[in-house]
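Read through the structure below, which is laid out as structure tokens, and then see the notes.
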Amino acid sequence: MTKGGMESVEVFTTEGKGRGLKAQKEFLPGDVIFAEPAYAAVVFDSLTHVICHTCFKRQERLHRCGQCRFAYYCDRTCQRAAWLSHKSECSAIKRHGKAPTESIRLAARILWKMEREGSGLSEGCLVPIEELQNHVDSFGEEEKKELRADVENFLEFWPPHCQQFGMQLISHVFGVISCNGFTLSDQRGLQAVGVGIFPNLCQVNHDCWPNCTVVFNNGNHEAVRSMFHTQMRIELRALTKVSPGDELTVSYVDFLSLSEERRKQLKKQYYFDCTCEHCKKQLKDDLMLAVKAGESKPSADTVKEVIQLSKDTLEKINKARMEGNYHEVVKLCRDCLKKQEPVLGDTNIYLLRILSIASEVLSYLQMFEEAADYAKRMVDGYLKIYHPNNAQLGMAVMRAGVTHWHAGLIEAGHGLICKAYAILLITHGPSHPITKDLEVMRVQTEMELRMFQQNEFMYYKMREAALKNQKIQVMPEPSNENAPSLFHKKE
């Protein structure tokens with residue numbers, strides 16, 4: 001079954017997993033298997049005034065809708081592009097007196113689209129909204145209570161002159177949002193800024209070691225001629241060679257957790273038991289729980305003690321980060337690493353988590369040499385655990401490269417930036433803003449490396465002079481959030 005630009009994939013039913021998608025032709029790493037615009041999407045409540053409601057880019061100055069005074073846009077181009085989906089919302093917000101929560105706004109946008117286009121298959125969709133999985137039957141008491149509250153609030157917001165939908169369909173739409181809402185990120189791909197529904201993406205099943213990845217593309221509305229504008233969309237990209245007939249899979253969770261923890265998370269958030277090969281055979285778990293090898297192997301009690309200390313330290317670190325007390329975070333990391341190093345192996349996830357936080361926070365505090373040492377060790381561990389074309393691995397290698405560059409370690413910095421660029425070319429594609437930024441860094445570090453190889457003394461002299469005249473670029477403030485996860489699960 002194919003429809004509107006989706007000729008390269010086919011919907012099929014698989015025993016135990018329900019519907020899935022399989023490839024109709026061969027794809028190579030980095031190929032876009034399909035791109036899909038959102039059926040409906042909204043900006044998170046906390047960011048409505050700093051993110052464009054059309055392309056979801058973060059902008060310094062945004063234009064506000066003069067009617068509802070709630071929606072914000074980059075410019076007239078984005079405002080015009082939004083009018084079809086914002087028109088009903090605009091008058092409903094004015095009538096209601098205020099904007100409701102993001103879930104209610106998204107449900108309303110879905111139902112307004114169904115009112116405009118009718119139910120059944122929309123153009124380019126493989127499956128109608130009514131047939132998407134909602135998992136309402138699997139909801140616990142607390143989730144059912146939240147669902148009832150959402151439906152009540154929705155009915156207060158929904159205008160009386162609009163088509164009136166049955167309670168079952170409204171509940172279904174909220175269920176779909178809860179388990180199939182896709183996280184939208186800003187143009188740098190670093191911050192989650194909204195949630196959308198992409199019906200075709202919803203058909204792609206999970207695998208902890210997938211053959212595809214999803215990237216959010218904010219589109220381009222900056223071209224002078226509107227015929228060159230591209231719309232906001234998700235892109236499903238191949239990570240490995242995919243043959244015709246292969247099932248297409250993505251990972252709903254970060255791989256950097258033990259198989260048991262991943263399975264618990266998937267069961268809690270997505271209501272299924274993961275049966276992928278990595279979970280069944282607990283592949284890579286031995287690496288993630290590695291202890292120091294050698295003659296003086298630590299005892300089981302010592303390992304248990306250090307892992308408990310690591311968990312306690314991570315809780316204290318979270319508290320200190322929330323308070324912006326970064327020097328305390330560094331002290332906690334250093335103390336924890338001293339206890340971990342004689343006991344835990346280089347790929348142990350508790351060691352890697354502390355190394356990741358330490359390198360990020362020290363970079364922010366401009367203590368680049370120490371940060372670079374931790375970042376290198378973190379990347380060495382990640383490379384043994386992650387899929388070689390994993391987006392999170394690419395981002396971590398990029399951060400490590402930038403840290404080495406700032407530390408004046410030009411050879412290692414350039415090497416890491418090149419490695420990150422190779423990964424992000426596959427996961428994000430050459431036109432993604434973060435890949436373009438990385439290409440600029442790659443060219444810059446290559447030029448500096450040539451200078452360094454020709455005359456080391458002159459290179460450091462010129463670097464010193466450049467740093468005196470120009471304040472070194474401050475790294476972004478460490479975020480307490482993890483990288484945006486694939487699907488947005490309402491907490």
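Labels used: A, B, ... for chains in the order of the structure tokens, numbers from 1 for residues in each chain, and numbers from 1 for ligands as shown.
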- [ ] Pick out the residues sitting within 9 Å of Arg64 (chain A), and hand them over as an MDAnalysis selection string; count only C-alpha atoms, and ignore anything fewer than 6 positions along from it in its own chain.
- [x] chainID A and resid 49 70:73
Write the residues you've just listed into a file as a tab-separated table (two decimals), in the first residue's frame, and include N, CA and C atoms for each of them.
chain	number	residue	atom	x	y	z
A	49	HIS	N	6.21	32.01	23.21
A	49	HIS	CA	6.58	33.38	22.81
A	49	HIS	C	8.00	33.48	22.24
A	70	PHE	N	-1.57	35.37	20.80
A	70	PHE	CA	-0.97	34.18	21.41
A	70	PHE	C	0.11	33.58	20.51
A	71	ALA	N	-0.17	33.46	19.21
A	71	ALA	CA	0.76	32.81	18.29
A	71	ALA	C	1.85	33.77	17.84
A	72	TYR	N	3.07	33.25	17.66
A	72	TYR	CA	4.22	34.06	17.23
A	72	TYR	C	4.84	33.43	15.97
A	73	TYR	N	5.37	34.29	15.10
A	73	TYR	CA	5.94	33.81	13.84
A	73	TYR	C	7.24	34.55	13.51
Polymer residues at most 12 Å from Ser259 (chain A), only C-alpha atoms, same-chain spacing of 5 or more positions, as a compact mmCIF listing (two decimals) with C-alpha atoms, in the first residue's frame:
# COMPACT_ATOMS: atom_id res chain seq x y z
CA ASP A 207 14.34 -1.67 17.70
CA CYS A 208 17.10 -0.85 20.19
CA TRP A 209 19.64 -1.28 17.32
CA VAL A 253 14.78 5.36 23.62
CA ASP A 254 18.49 6.11 24.06
CA LYS A 264 11.01 -1.11 31.53
CA GLN A 265 11.00 2.35 29.94
CA LEU A 266 9.42 1.04 26.71
CA ASP A 273 7.62 -5.68 25.56
CA CYS A 274 10.75 -5.17 23.47
CA THR A 275 11.80 -8.42 21.77
CA CYS A 276 14.70 -6.99 19.73
CA GLU A 277 17.88 -9.06 19.53
CA HIS A 278 19.82 -6.63 21.77
CA CYS A 279 17.24 -6.96 24.55
CA LYS A 280 16.69 -10.73 24.21
CA LYS A 281 20.43 -11.51 24.22
CA GLN A 282 21.32 -8.57 26.52
CA LEU A 283 23.97 -7.52 24.01
CA LYS A 284 26.39 -4.82 25.22
CA ASP A 285 25.13 -5.17 28.83
CA ASP A 286 28.51 -6.68 29.77
CA LEU A 287 30.25 -3.55 28.45
CA MET A 288 27.84 -1.23 30.26
CA LEU A 289 28.49 -3.05 33.55
Counting only C-alpha atoms, closest pick from A:Pro29, A:Gln164, A:Met114, A:Phe44 relative to Thr183 (chain A) is A:Phe44
Report as a list in words all protein, DNA and RNA residues lying within 10 Å of Gln79 (chain A), evaluated on only C-alpha atoms, omitting residues in the same chain fewer than 2 positions from it.
Cys52, His53, Thr54, Cys55, His63, Arg64, Cys65, Ala71, Tyr72, Tyr73, Cys74, Asp75, Arg76, Thr77, Ala81, Ala82, Trp83, Leu84 and His86 of chain A
Residue with the minimum atom-to-atom distance to Thr302 (chain A), picked from A:Lys339, A:His327, A:Lys268, A:Arg116 with only C-alpha atoms counted, is A:Lys339
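Checking A:Ile423, A:Leu236, A:Val343, A:Met322 one by one against His387 (chain A), counting only C-alpha atoms, you find the shortest gap at A:Ile423.
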With DSSP run on the backbone, what are the alpha helix (DSSP H) residues within region 305-434 of chain A? I'd like them as a PyMOL selection string.
chain A and resi 305-322+326-340+349-364+368-385+391-406+410-427+433-434
- Residues near Pro159 (chain A), cut-off 9 Å, only C-alpha atoms, skip fewer than 3 positions along chain, as a ChimeraX atom specification: /A:91-92,95-96,155-156,162-164
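We find CA of Thr347 (chain A) and CA of Glu360 (chain A) to be spaced 18.3 Å apart.
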Subject >> Nearby residues (only C-alpha atoms) at most 12 Å from Thr13 (chain A), same-chain spacing under 3 positions excluded, as an MDAnalysis selection string >> reply: chainID A and resid 1 10 16:22 203:205 247
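Here CA of Phe139 (chain A) stands at a distance of 27.0 Å from CA of Leu256 (chain A).
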task = Might you pull out every residue within 9 Å of Ala375 (chain A), with only C-alpha atoms counted and same-chain residues fewer than 5 positions away left off, and present them as an NGL selection string?
result = :A and (355-356 or 358-360 or 370 or 380 or 396-397 or 399-401 or 403-404)
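Among A:Thr101, A:Thr240, A:Ser299, A:Ser171, the residue with the shortest atom-to-atom distance to Pro342 (chain A), counting only C-alpha atoms, is A:Ser299.
Closest approach to Thr249 (chain A) from the set A:Ile51, A:Arg321, A:Ala23, A:Ile354 is made by A:Ala23, with distances taken over only C-alpha atoms.
Distance check against Asp137 (chain A) using only C-alpha atoms: of A:His172, A:Leu190, A:Gly394, A:Leu425, the minimum falls on A:His172.
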Correct to one decimal, the distance CA of Met6 (chain A)-CA of Ala391 (chain A) is 24.1 Å
### Message
If you run DSSP on the backbone here, which positions in region 201-450 of chain A get strand (DSSP E or B)? Please write them as a PyMOL selection string.
### Response
chain A and resi 205-206+212-217+220+230+233-238+242+247+249-250+291+344
Export of prior selection with C-alpha atoms as a PDB file, in the first residue's frame:
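File again38.pdb, as written:
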ATOM      1  CA  ASN A 205       8.324   0.028  14.917  1.00  0.00           C
ATOM      2  CA  HIS A 206      11.029   0.184  17.579  1.00  0.00           C
ATOM      3  CA  CYS A 212      16.866   4.075  10.529  1.00  0.00           C
ATOM      4  CA  THR A 213      16.863   7.350  12.433  1.00  0.00           C
ATOM      5  CA  VAL A 214      14.486  10.301  12.442  1.00  0.00           C
ATOM      6  CA  VAL A 215      15.560  13.925  12.206  1.00  0.00           C
ATOM      7  CA  PHE A 216      13.350  16.995  12.413  1.00  0.00           C
ATOM      8  CA  ASN A 217      13.905  19.494   9.597  1.00  0.00           C
ATOM      9  CA  ASN A 220      13.395  26.928   4.796  1.00  0.00           C
ATOM     10  CA  THR A 230      10.421  24.066   1.973  1.00  0.00           C
ATOM     11  CA  ARG A 233       8.943  17.957   8.151  1.00  0.00           C
ATOM     12  CA  ILE A 234      10.491  14.867   9.664  1.00  0.00           C
ATOM     13  CA  GLU A 235      12.923  12.781   7.630  1.00  0.00           C
ATOM     14  CA  LEU A 236      13.349   9.044   8.066  1.00  0.00           C
ATOM     15  CA  ARG A 237      16.984   8.363   7.149  1.00  0.00           C
ATOM     16  CA  ALA A 238      18.747   5.003   6.653  1.00  0.00           C
ATOM     17  CA  VAL A 242      18.446  -1.463   3.838  1.00  0.00           C
ATOM     18  CA  GLU A 247      11.398  -3.850   8.096  1.00  0.00           C
ATOM     19  CA  THR A 249      12.924   0.457  12.537  1.00  0.00           C
ATOM     20  CA  VAL A 250      13.875   3.395  14.766  1.00  0.00           C
ATOM     21  CA  VAL A 291      34.565  -3.576  35.972  1.00  0.00           C
ATOM     22  CA  LEU A 344      34.631   0.427  37.080  1.00  0.00           C
TER      23      LEU A 344
END
If we count only C-alpha atoms and set the cut-off at 10 Å, which residues sit around Glu411 (chain A), ignoring sequence neighbours fewer than 3 positions away in its own chain? Please answer as a PyMOL selection string.
chain A and resi 401+404-405+408+414-416+445-446+448-450+452-453
